file structure-v5.csv (CSV, C-alpha atoms (C1' of nucleotides))
chain,number,residue,atom,x,y,z
R,1,MET,CA,13.8,36.4,-25.1
R,2,ASN,CA,15.6,34.6,-22.4
R,3,GLU,CA,19.0,33.1,-23.4
R,4,ILE,CA,19.6,29.5,-22.6
R,5,PRO,CA,22.6,29.6,-20.2
R,6,ARG,CA,25.7,28.1,-21.7
R,7,ASN,CA,27.7,25.6,-19.7
R,8,PRO,CA,30.9,27.0,-18.4
R,9,PRO,CA,34.0,25.7,-20.2
R,10,ARG,CA,35.4,22.3,-19.4
R,11,ASN,CA,38.5,22.2,-17.4
R,12,PRO,CA,41.5,21.3,-19.6
R,13,ASP,CA,43.2,19.7,-16.6
R,14,GLU,CA,43.8,16.1,-17.5
R,15,ASP,CA,43.5,15.0,-13.9
R,16,ALA,CA,39.9,16.4,-13.5
R,17,LEU,CA,37.5,13.6,-12.5
R,18,ASP,CA,34.4,13.0,-14.5
R,19,LEU,CA,31.6,12.6,-12.1
R,20,GLU,CA,29.4,11.1,-14.8
R,21,THR,CA,31.7,8.1,-15.3
R,22,PHE,CA,32.6,7.7,-11.6
R,23,PHE,CA,30.9,4.5,-10.5
R,24,PRO,CA,29.9,5.6,-7.0
R,25,TYR,CA,28.2,8.7,-8.5
R,26,GLN,CA,26.5,6.7,-11.2
R,27,ILE,CA,24.9,4.2,-8.9
R,28,THR,CA,23.9,6.9,-6.4
R,29,VAL,CA,22.1,8.8,-9.1
R,30,LEU,CA,20.3,5.7,-10.4
R,31,THR,CA,19.4,4.5,-7.0
R,32,LYS,CA,17.9,7.8,-6.0
R,33,GLN,CA,15.8,7.9,-9.1
R,34,VAL,CA,14.6,4.3,-8.6
R,35,SER,CA,13.9,4.7,-4.9
R,36,ASN,CA,12.0,7.9,-5.4
R,37,SER,CA,9.8,6.3,-8.1
R,38,LEU,CA,9.1,3.2,-6.0
R,39,ALA,CA,8.6,5.1,-2.8
R,40,LYS,CA,6.0,7.3,-4.5
R,41,THR,CA,4.2,4.2,-5.9
R,42,TYR,CA,4.2,2.4,-2.5
R,43,VAL,CA,2.9,5.5,-0.6
R,44,ASP,CA,0.3,6.5,-3.2
R,45,ARG,CA,-1.1,3.0,-3.9
R,46,PHE,CA,-0.5,1.2,-0.6
R,47,GLY,CA,0.2,3.8,2.0
R,48,ILE,CA,3.5,2.3,3.1
R,49,THR,CA,7.2,3.5,2.9
R,50,ILE,CA,10.1,1.6,1.4
R,51,PRO,CA,11.4,0.3,4.8
R,52,GLU,CA,7.8,-1.0,5.5
R,53,TRP,CA,7.6,-2.6,2.1
R,54,ARG,CA,11.0,-4.3,2.7
R,55,VAL,CA,9.8,-5.7,6.0
R,56,MET,CA,6.7,-7.0,4.3
R,57,ALA,CA,8.8,-8.5,1.5
R,58,ALA,CA,11.0,-10.2,4.1
R,59,LEU,CA,8.0,-11.6,6.0
R,60,GLY,CA,6.3,-12.7,2.7
R,61,ARG,CA,9.4,-14.7,2.0
R,62,TYR,CA,10.4,-15.8,5.4
R,63,PRO,CA,7.4,-16.0,7.7
R,64,ASN,CA,7.5,-16.1,11.4
R,65,ALA,CA,10.7,-14.1,11.6
R,66,THR,CA,12.2,-12.2,14.6
R,67,ALA,CA,13.2,-8.6,14.2
R,68,SER,CA,16.8,-9.8,13.9
R,69,HIS,CA,15.9,-12.1,11.0
R,70,VAL,CA,14.2,-9.2,9.3
R,71,VAL,CA,17.3,-7.1,9.8
R,72,ARG,CA,19.3,-9.8,8.0
R,73,HIS,CA,16.9,-10.1,5.1
R,74,THR,CA,16.2,-6.5,4.5
R,75,GLY,CA,19.5,-4.7,4.9
R,76,LEU,CA,17.8,-2.3,7.2
R,77,ASP,CA,19.2,-1.5,10.7
R,78,LYS,CA,17.4,-2.5,13.8
R,79,VAL,CA,16.1,0.9,14.5
R,80,GLN,CA,14.4,1.0,11.0
R,81,VAL,CA,13.0,-2.4,11.5
R,82,SER,CA,11.7,-1.6,14.9
R,83,ARG,CA,9.9,1.5,13.5
R,84,ALA,CA,8.7,-0.2,10.4
R,85,VAL,CA,7.2,-3.1,12.3
R,86,ALA,CA,5.5,-0.7,14.7
R,87,LEU,CA,4.0,1.2,11.8
R,88,LEU,CA,2.9,-2.0,10.0
R,89,ALA,CA,1.4,-3.3,13.2
R,90,ASP,CA,-0.6,0.0,13.6
R,91,LYS,CA,-1.9,-0.5,10.0
R,92,GLY,CA,-2.8,-4.1,10.7
R,93,HIS,CA,-0.4,-5.5,8.2
R,94,VAL,CA,1.7,-7.5,10.7
R,95,ALA,CA,1.3,-9.0,14.2
R,96,ARG,CA,3.9,-9.8,16.8
R,97,ARG,CA,3.8,-12.9,18.9
R,98,PRO,CA,6.2,-13.2,21.9
R,99,ASP,CA,8.5,-16.2,21.9
R,100,PRO,CA,7.6,-18.1,25.1
R,101,GLU,CA,11.0,-19.7,25.1
R,102,ASP,CA,12.9,-16.4,25.1
R,103,ARG,CA,10.8,-13.4,25.9
R,104,ARG,CA,13.2,-11.0,24.4
R,105,ASN,CA,12.2,-12.3,21.0
R,106,ALA,CA,9.0,-11.7,19.2
R,107,PHE,CA,7.9,-13.6,16.1
R,108,ILE,CA,6.5,-11.3,13.4
R,109,ASN,CA,4.1,-12.3,10.7
R,110,LEU,CA,1.9,-10.8,8.0
R,111,THR,CA,-1.7,-10.7,9.1
R,112,THR,CA,-4.4,-11.8,6.6
R,113,ARG,CA,-4.7,-8.2,5.7
R,114,GLY,CA,-1.0,-7.8,5.3
R,115,ARG,CA,-0.8,-10.9,3.1
R,116,THR,CA,-3.5,-9.5,0.9
R,117,THR,CA,-1.6,-6.2,0.5
R,118,TYR,CA,1.6,-8.1,0.0
R,119,ARG,CA,0.1,-10.1,-2.8
R,120,GLU,CA,-1.0,-6.8,-4.4
R,121,ILE,CA,2.4,-5.2,-4.1
R,122,VAL,CA,4.5,-8.0,-5.5
R,123,PRO,CA,3.2,-7.8,-9.1
R,124,VAL,CA,3.5,-4.0,-9.0
R,125,ALA,CA,7.1,-4.2,-7.8
R,126,ARG,CA,7.9,-6.8,-10.5
R,127,ALA,CA,6.2,-4.8,-13.2
R,128,TYR,CA,8.3,-1.7,-12.2
R,129,GLU,CA,11.5,-3.8,-12.4
R,130,GLU,CA,10.4,-5.2,-15.7
R,131,ARG,CA,9.7,-1.8,-17.2
R,132,LEU,CA,13.0,-0.5,-15.9
R,133,LEU,CA,15.0,-3.4,-17.3
R,134,ALA,CA,13.0,-3.7,-20.5
R,135,THR,CA,15.6,-2.1,-22.7
R,136,ILE,CA,18.5,-4.3,-21.6
R,137,THR,CA,19.2,-7.8,-23.0
R,138,PRO,CA,18.7,-11.0,-20.9
R,139,GLU,CA,22.5,-11.4,-21.2
R,140,GLN,CA,23.1,-8.0,-19.7
R,141,ARG,CA,20.6,-8.7,-17.0
R,142,ARG,CA,22.4,-11.8,-16.0
R,143,MET,CA,25.7,-10.0,-15.9
R,144,LEU,CA,24.3,-7.0,-14.1
R,145,ASN,CA,22.9,-9.3,-11.5
R,146,ALA,CA,26.2,-11.2,-11.0
R,147,VAL,CA,28.3,-8.0,-11.0
R,148,LEU,CA,26.1,-6.3,-8.4
R,149,ASP,CA,26.4,-9.3,-6.1
R,150,GLU,CA,30.1,-9.4,-6.6
R,151,LEU,CA,30.5,-5.6,-6.0
R,152,THR,CA,28.2,-5.8,-2.9
R,153,ALA,CA,30.5,-8.5,-1.4
R,154,ARG,CA,33.5,-6.5,-2.4
R,155,ALA,CA,32.2,-3.2,-0.9
R,156,GLU,CA,31.7,-5.0,2.4
R,157,GLU,CA,35.3,-6.0,2.5
R,158,LEU,CA,36.7,-2.6,1.8
G,1,MET,CA,26.3,-22.2,25.2
G,2,ASN,CA,24.2,-19.9,23.2
G,3,GLU,CA,22.5,-21.4,20.2
G,4,ILE,CA,22.9,-19.8,16.8
G,5,PRO,CA,19.3,-18.8,15.8
G,6,ARG,CA,18.1,-20.7,12.8
G,7,ASN,CA,16.5,-18.8,9.9
G,8,PRO,CA,12.7,-19.3,9.8
G,9,PRO,CA,11.5,-21.6,7.0
G,10,ARG,CA,11.2,-20.2,3.5
G,11,ASN,CA,7.8,-19.5,2.2
G,12,PRO,CA,6.7,-22.2,-0.3
G,13,ASP,CA,4.5,-19.6,-2.0
G,14,GLU,CA,5.7,-19.4,-5.6
G,15,ASP,CA,4.7,-15.8,-5.8
G,16,ALA,CA,6.9,-14.6,-3.0
G,17,LEU,CA,9.4,-12.0,-4.1
G,18,ASP,CA,13.1,-12.5,-3.5
G,19,LEU,CA,14.4,-9.2,-2.2
G,20,GLU,CA,18.0,-10.4,-2.9
G,21,THR,CA,17.3,-10.6,-6.7
G,22,PHE,CA,15.1,-7.6,-6.9
G,23,PHE,CA,17.1,-5.0,-8.8
G,24,PRO,CA,15.9,-1.9,-6.8
G,25,TYR,CA,16.9,-3.7,-3.6
G,26,GLN,CA,20.3,-4.8,-4.9
G,27,ILE,CA,21.4,-1.3,-6.0
G,28,THR,CA,20.1,0.3,-2.9
G,29,VAL,CA,22.2,-2.0,-0.7
G,30,LEU,CA,25.3,-1.6,-2.8
G,31,THR,CA,24.9,2.2,-3.0
G,32,LYS,CA,24.5,2.5,0.7
G,33,GLN,CA,27.7,0.5,1.3
G,34,VAL,CA,29.7,2.4,-1.2
G,35,SER,CA,28.3,5.8,0.0
G,36,ASN,CA,29.1,5.0,3.6
G,37,SER,CA,32.6,4.0,2.8
G,38,LEU,CA,33.3,7.0,0.7
G,39,ALA,CA,31.6,9.4,3.1
G,40,LYS,CA,33.8,8.1,5.9
G,41,THR,CA,36.9,8.6,3.8
G,42,TYR,CA,36.0,12.1,2.8
G,43,VAL,CA,35.1,13.2,6.3
G,44,ASP,CA,38.1,11.6,8.0
G,45,ARG,CA,40.7,12.6,5.5
G,46,PHE,CA,39.4,15.8,4.1
G,47,GLY,CA,36.7,17.1,6.5
G,48,ILE,CA,34.0,17.3,3.8
G,49,THR,CA,30.7,15.5,3.1
G,50,ILE,CA,29.7,13.7,-0.1
G,51,PRO,CA,27.5,16.6,-1.3
G,52,GLU,CA,30.5,19.0,-0.7
G,53,TRP,CA,32.8,16.6,-2.6
G,54,ARG,CA,30.4,16.5,-5.5
G,55,VAL,CA,30.3,20.2,-5.7
G,56,MET,CA,34.1,20.3,-5.6
G,57,ALA,CA,34.2,17.6,-8.3
G,58,ALA,CA,31.8,19.6,-10.5
G,59,LEU,CA,33.8,22.8,-10.0
G,60,GLY,CA,37.1,20.9,-10.7
G,61,ARG,CA,35.6,19.8,-14.0
G,62,TYR,CA,33.6,22.9,-14.9
G,63,PRO,CA,35.1,26.0,-13.3
G,64,ASN,CA,33.3,29.2,-12.9
G,65,ALA,CA,29.9,27.6,-12.7
G,66,THR,CA,26.7,29.1,-11.3
G,67,ALA,CA,24.8,27.1,-8.6
G,68,SER,CA,22.4,26.0,-11.4
G,69,HIS,CA,25.3,24.6,-13.4
G,70,VAL,CA,26.4,22.8,-10.3
G,71,VAL,CA,23.0,21.4,-9.8
G,72,ARG,CA,23.1,20.0,-13.3
G,73,HIS,CA,26.5,18.5,-13.0
G,74,THR,CA,26.1,16.9,-9.5
G,75,GLY,CA,22.6,15.5,-9.5
G,76,LEU,CA,22.1,17.4,-6.2
G,77,ASP,CA,19.1,19.6,-5.7
G,78,LYS,CA,19.4,23.4,-5.3
G,79,VAL,CA,19.0,23.2,-1.5
G,80,GLN,CA,21.8,20.8,-1.2
G,81,VAL,CA,24.0,22.8,-3.5
G,82,SER,CA,23.2,26.0,-1.7
G,83,ARG,CA,24.2,24.4,1.6
G,84,ALA,CA,27.3,22.6,0.3
G,85,VAL,CA,28.6,25.8,-1.3
G,86,ALA,CA,28.0,27.8,1.9
G,87,LEU,CA,30.0,25.1,3.9
G,88,LEU,CA,32.8,25.0,1.3
G,89,ALA,CA,33.0,28.8,1.3
G,90,ASP,CA,33.3,28.7,5.1
G,91,LYS,CA,36.1,26.2,4.8
G,92,GLY,CA,37.9,28.3,2.2
G,93,HIS,CA,37.5,25.7,-0.6
G,94,VAL,CA,35.4,27.8,-2.9
G,95,ALA,CA,34.6,31.5,-3.5
G,96,ARG,CA,31.6,33.1,-5.0
G,97,ARG,CA,31.8,36.1,-7.4
G,98,PRO,CA,28.5,37.8,-8.3
G,99,ASP,CA,27.7,38.1,-12.0
G,100,PRO,CA,27.6,41.8,-12.8
G,101,GLU,CA,25.4,41.1,-15.8
G,102,ASP,CA,22.7,39.4,-13.7
G,103,ARG,CA,23.0,39.8,-10.0
G,104,ARG,CA,20.9,36.8,-9.3
G,105,ASN,CA,23.8,34.7,-10.4
G,106,ALA,CA,27.0,34.0,-8.7
G,107,PHE,CA,30.0,32.3,-10.3
G,108,ILE,CA,31.5,29.7,-8.0
G,109,ASN,CA,35.1,28.6,-8.2
G,110,LEU,CA,37.6,26.5,-6.3
G,111,THR,CA,40.0,28.7,-4.4
G,112,THR,CA,43.7,27.8,-4.5
G,113,ARG,CA,43.2,25.9,-1.2
G,114,GLY,CA,40.1,24.2,-2.7
G,115,ARG,CA,42.1,23.2,-5.8
G,116,THR,CA,44.8,21.7,-3.7
G,117,THR,CA,42.3,19.7,-1.7
G,118,TYR,CA,40.6,18.6,-4.9
G,119,ARG,CA,43.8,17.4,-6.3
G,120,GLU,CA,44.4,15.3,-3.2
G,121,ILE,CA,40.9,13.8,-3.3
G,122,VAL,CA,40.8,12.8,-6.9
G,123,PRO,CA,43.4,10.0,-6.7
G,124,VAL,CA,41.8,8.8,-3.5
G,125,ALA,CA,38.4,8.6,-5.1
G,126,ARG,CA,39.9,6.9,-8.2
G,127,ALA,CA,41.7,4.4,-6.0
G,128,TYR,CA,38.6,3.5,-4.1
G,129,GLU,CA,36.7,3.0,-7.4
G,130,GLU,CA,39.6,0.9,-8.7
G,131,ARG,CA,39.7,-1.4,-5.6
G,132,LEU,CA,35.9,-1.8,-5.7
G,133,LEU,CA,35.9,-2.7,-9.4
G,134,ALA,CA,39.2,-4.7,-9.2
G,135,THR,CA,37.5,-8.1,-9.4
G,136,ILE,CA,35.4,-7.5,-12.5
G,137,THR,CA,36.7,-7.7,-16.0
G,138,PRO,CA,37.3,-4.7,-18.3
G,139,GLU,CA,34.5,-6.1,-20.5
G,140,GLN,CA,32.2,-6.2,-17.4
G,141,ARG,CA,33.1,-2.7,-16.5
G,142,ARG,CA,32.3,-1.4,-20.0
G,143,MET,CA,29.0,-3.1,-19.9
G,144,LEU,CA,28.2,-2.0,-16.4
G,145,ASN,CA,28.9,1.6,-17.3
G,146,ALA,CA,26.7,1.4,-20.4
G,147,VAL,CA,23.9,-0.4,-18.6
G,148,LEU,CA,23.9,2.1,-15.7
G,149,ASP,CA,23.7,5.0,-18.2
G,150,GLU,CA,20.8,3.3,-20.0
G,151,LEU,CA,19.0,2.5,-16.8
G,152,THR,CA,19.4,6.0,-15.5
G,153,ALA,CA,17.9,7.4,-18.6
G,154,ARG,CA,15.1,4.8,-18.4
G,155,ALA,CA,14.4,5.5,-14.8
G,156,GLU,CA,13.9,9.2,-15.5
G,157,GLU,CA,11.3,8.4,-18.1
G,158,LEU,CA,9.3,6.1,-15.8
V,1,DT,C1',6.4,52.6,-17.8
V,2,DT,C1',4.5,49.5,-14.2
V,3,DA,C1',2.4,45.4,-12.8
V,4,DT,C1',2.9,40.3,-13.4
V,5,DA,C1',5.6,36.3,-14.1
V,6,DT,C1',9.8,34.0,-14.0
V,7,DT,C1',14.3,32.8,-12.4
V,8,DA,C1',18.4,32.2,-9.0
V,9,DG,C1',19.4,31.1,-4.8
V,10,DT,C1',18.4,30.9,0.5
V,11,DT,C1',15.8,29.8,4.6
V,12,DT,C1',12.3,27.5,7.2
V,13,DC,C1',10.1,23.7,9.0
V,14,DA,C1',8.6,19.1,9.4
V,15,DA,C1',9.9,14.4,8.6
V,16,DA,C1',13.5,10.8,8.1
V,17,DT,C1',17.7,9.0,9.8
V,18,DG,C1',20.9,6.5,12.8
V,19,DA,C1',24.3,6.5,16.7
V,20,DA,C1',24.1,6.0,21.4
V,21,DA,C1',21.6,5.3,25.5
V,22,DC,C1',18.2,2.6,27.4
V,23,DT,C1',15.0,-1.5,29.1
V,24,DA,C1',14.1,-6.1,29.7
V,25,DA,C1',15.4,-10.9,29.4
V,26,DT,C1',18.9,-14.4,29.3
V,27,DT,C1',23.5,-16.3,29.6
V,28,DT,C1',28.0,-16.7,31.5
V,29,DC,C1',31.2,-17.5,35.0
V,30,DA,C1',33.3,-16.7,39.7
B,1,DT,C1',23.8,-18.9,43.4
B,2,DG,C1',24.3,-14.0,42.0
B,3,DA,C1',27.0,-10.4,39.7
B,4,DA,C1',28.7,-9.1,35.2
B,5,DA,C1',28.2,-9.6,30.4
B,6,DT,C1',25.4,-10.3,26.4
B,7,DT,C1',21.4,-10.1,23.5
B,8,DA,C1',16.8,-8.4,21.5
B,9,DG,C1',14.5,-4.7,20.7
B,10,DT,C1',12.9,0.4,21.7
B,11,DT,C1',13.5,5.2,22.6
B,12,DT,C1',16.0,9.5,22.6
B,13,DC,C1',18.3,13.0,20.5
B,14,DA,C1',21.1,15.4,17.3
B,15,DT,C1',21.8,15.6,12.4
B,16,DT,C1',20.3,15.3,7.6
B,17,DT,C1',17.0,15.9,4.2
B,18,DG,C1',13.9,18.2,0.9
B,19,DA,C1',9.4,20.4,0.0
B,20,DA,C1',7.5,24.7,0.3
B,21,DA,C1',7.9,29.4,1.3
B,22,DC,C1',10.6,33.2,0.8
B,23,DT,C1',13.9,37.2,-1.0
B,24,DA,C1',16.0,39.5,-4.6
B,25,DA,C1',16.7,40.4,-9.4
B,26,DT,C1',15.3,40.2,-14.1
B,27,DA,C1',12.1,39.4,-18.0
B,28,DT,C1',7.6,39.9,-20.0
B,29,DA,C1',3.5,42.1,-21.3
B,30,DA,C1',-0.4,45.3,-20.7
call {"tool": "encode", "arguments": {"input": "structure-v5.csv", "output": "structure tokens"}}
result
Amino acid sequence: MNEIPRNPPRNPDEDALDLETFFPYQITVLTKQVSNSLAKTYVDRFGITIPEWRVMAALGRYPNATASHVVRHTGLDKVQVSRAVALLADKGHVARRPDPEDRRNAFINLTTRGRTTYREIVPVARAYEERLLATITPEQRRMLNAVLDELTARAEEL
Amino acid sequence: MNEIPRNPPRNPDEDALDLETFFPYQITVLTKQVSNSLAKTYVDRFGITIPEWRVMAALGRYPNATASHVVRHTGLDKVQVSRAVALLADKGHVARRPDPEDRRNAFINLTTRGRTTYREIVPVARAYEERLLATITPEQRRMLNAVLDELTARAEEL
DNA sequence: TTATATTAGTTTCAAATGAAACTAATTTCA
DNA sequence: TGAAATTAGTTTCATTTGAAACTAATATAA
């Protein structure tokens, strides 16, 4: 019979830092879990990656956007947006239309196909969020939402 | 004079999903910000990466751990731990001692040098956390902590 | 025993990432 | 004007990542 390995003894040092209660560690672990789950769903069911989904989400919300607008609405950098848009265009989910006023720009839109896929993904994304948050109270959700916004603003300052 | 580009119009579609209030998006953005800040601090001031820091944090807390223990305590996978330990050993921050009872195992510990570095990093990490959380109330912190634990457990189930 | 399975940890390899360099178009200003 | 600077977006390249294959040691079972 194989013995279950015991954990090594805890350090009695009062100044040791508990990773489990260290906020940056906590959100990193949670985010990784959530991202991995969602990424798997998006790839398996819709054949797209998370950056691609985010671009579609941004375009679903703000149609006829330039790549710069997409950068602003997705939190992705311009390299990621450029790549995601190229992949989505290959897949027929988005189309680019050059701006005749300024030919550096291109307006990006969901195609009919892209809009159909988008409408399929939205409820799946919402359902995942709902299941994830199912065990916390509406009050906690409101606070979580407010606190995350606050901390995101704060983190940008630091 | 260059015109400030206007945002494209919002989609009137009621079913559009707001990325900004979508929980997986919110934590991803926050986590990226926080990780980037911390990663820069750790590299600039201590010459280590976040995975290396996490291994040091785990060893500071739970000395004489095997790589498997470190995996459990850091949320890193075994590849990341293997690499981080190798890098930390090169830098003289940790040392490996083979387990004579089972030579597949090696016990890992902070060296004197590693412990010194660890003791320098801990207050810096705590100070960052403190500044980040400075604008939220103790009540909010408690709830945030509880909710993140709850959601992490929940995310693992899903 | 000895062959098979399991476990600890490392290495390999292909894909994802992002900083920096680049192209093309437009704006600024001398 | 037209040369220099700026902006939008793409490409390149070096680094990071993690799944899968691998090595070595131990445990299990025939």
call {"tool": "atom_distance", "arguments": {"input": "structure-v5.csv", "atom1": "CA of Gly114 (chain G)", "atom2": "CA of Met56 (chain G)"}}
result
7.7 Å
call {"tool": "residues_around", "arguments": {"input": "structure-v5.csv", "residues": "region 8-20 of chain B", "least_positions_apart": "6", "cutoff": "12 Å", "atoms": "all atoms listed in the file", "output": "VMD selection string"}}
result
(chain R and resid 66 to 69 71 77 to 83 85 to 86 98 to 99 102 to 107) or (chain G and resid 49 51 76 to 81 83) or (chain V and resid 11 to 26)
call {"tool": "atom_distance", "arguments": {"input": "structure-v5.csv", "atom1": "CA of Thr41 (chain R)", "atom2": "CA of Phe23 (chain G)"}}
result
16.1 Å
call {"tool": "interface_residues", "arguments": {"input": "structure-v5.csv", "of": "chain R", "to": "chain G", "cutoff": "7 Å", "atoms": "only C-alpha atoms", "output": "PyMOL selection string"}}
result
chain R and resi 7-11+16-19+23-24+26-31+33-34+57+60-65+69+75+122+129+132+144+148+151-152+154-156
call {"tool": "closest_atom_pairs", "arguments": {"input": "structure-v5.csv", "of": "chain V", "to": "chain G", "cutoff": "8 Å", "atoms": "only C-alpha atoms (C1' of nucleotides)", "output": "CSV"}}
result
residue,atom,partner,partner_atom,distance
V:DA8,C1',G:Arg104,CA,5.2
V:DG9,C1',G:Ser82,CA,7.1
V:DT10,C1',G:Ser82,CA,7.2
V:DT27,C1',G:Asn2,CA,7.4
call {"tool": "atom_distance", "arguments": {"input": "structure-v5.csv", "atom1": "CA of Lys40 (chain G)", "atom2": "CA of Val55 (chain R)"}}
result
27.7 Å
call {"tool": "interface_residues", "arguments": {"input": "structure-v5.csv", "of": "chain B", "to": "chain G", "cutoff": "8 Å", "atoms": "only C-alpha atoms (C1' of nucleotides)", "output": "PDB file with C-alpha atoms (C1' of nucleotides), keeping the file's coordinate frame"}}
result
ATOM      1  C1'  DG B  18      13.900  18.200   0.900  1.00  0.00           C
ATOM      2  C1'  DA B  24      16.000  39.500  -4.600  1.00  0.00           C
ATOM      3  C1'  DA B  25      16.700  40.400  -9.400  1.00  0.00           C
ATOM      4  C1'  DT B  26      15.300  40.200 -14.100  1.00  0.00           C
TER       5       DT B  26
END
call {"tool": "build_atoms", "arguments": {"input": "structure-v5.csv", "residues": "region 34-55 of chain G", "atoms": "N, CA and C atoms", "output": "tab-separated table (two decimals), keeping the file's coordinate frame"}}
result
chain	number	residue	atom	x	y	z
G	34	VAL	N	28.65	1.63	-0.51
G	34	VAL	CA	29.70	2.40	-1.20
G	34	VAL	C	29.64	3.87	-0.64
G	35	SER	N	28.45	4.43	-0.50
G	35	SER	CA	28.30	5.80	0.00
G	35	SER	C	28.89	5.92	1.42
G	36	ASN	N	28.58	4.95	2.25
G	36	ASN	CA	29.10	5.00	3.60
G	36	ASN	C	30.60	4.95	3.66
G	37	SER	N	31.18	4.06	2.86
G	37	SER	CA	32.60	4.00	2.80
G	37	SER	C	33.26	5.29	2.38
G	38	LEU	N	32.76	5.79	1.28
G	38	LEU	CA	33.30	7.00	0.70
G	38	LEU	C	33.11	8.20	1.65
G	39	ALA	N	31.91	8.28	2.22
G	39	ALA	CA	31.60	9.40	3.10
G	39	ALA	C	32.58	9.40	4.28
G	40	LYS	N	32.87	8.23	4.81
G	40	LYS	CA	33.80	8.10	5.90
G	40	LYS	C	35.20	8.61	5.53
G	41	THR	N	35.63	8.16	4.35
G	41	THR	CA	36.90	8.60	3.80
G	41	THR	C	37.00	10.11	3.69
G	42	TYR	N	35.98	10.67	3.05
G	42	TYR	CA	36.00	12.10	2.80
G	42	TYR	C	35.97	12.91	4.10
G	43	VAL	N	35.16	12.47	5.03
G	43	VAL	CA	35.10	13.20	6.30
G	43	VAL	C	36.41	13.05	7.07
G	44	ASP	N	36.86	11.80	7.21
G	44	ASP	CA	38.10	11.60	8.00
G	44	ASP	C	39.29	12.23	7.44
G	45	ARG	N	39.44	12.13	6.12
G	45	ARG	CA	40.70	12.60	5.50
G	45	ARG	C	40.64	14.03	5.02
G	46	PHE	N	39.45	14.51	4.68
G	46	PHE	CA	39.40	15.80	4.10
G	46	PHE	C	38.36	16.77	4.74
G	47	GLY	N	37.63	16.25	5.72
G	47	GLY	CA	36.70	17.10	6.50
G	47	GLY	C	35.51	17.59	5.64
G	48	ILE	N	35.14	16.85	4.59
G	48	ILE	CA	34.00	17.30	3.80
G	48	ILE	C	32.98	16.11	3.65
G	49	THR	N	31.74	16.47	3.34
G	49	THR	CA	30.70	15.50	3.10
G	49	THR	C	30.64	15.10	1.65
G	50	ILE	N	29.81	14.11	1.32
G	50	ILE	CA	29.70	13.70	-0.10
G	50	ILE	C	29.08	14.86	-0.95
G	51	PRO	N	28.02	15.52	-0.51
G	51	PRO	CA	27.50	16.60	-1.30
G	51	PRO	C	28.64	17.70	-1.58
G	52	GLU	N	29.42	17.99	-0.53
G	52	GLU	CA	30.50	19.00	-0.70
G	52	GLU	C	31.53	18.44	-1.72
G	53	TRP	N	31.87	17.16	-1.61
G	53	TRP	CA	32.80	16.60	-2.60
G	53	TRP	C	32.24	16.68	-3.99
G	54	ARG	N	30.98	16.42	-4.14
G	54	ARG	CA	30.40	16.50	-5.50
G	54	ARG	C	30.47	17.85	-6.07
G	55	VAL	N	30.21	18.85	-5.21
G	55	VAL	CA	30.30	20.20	-5.70
G	55	VAL	C	31.75	20.53	-6.11
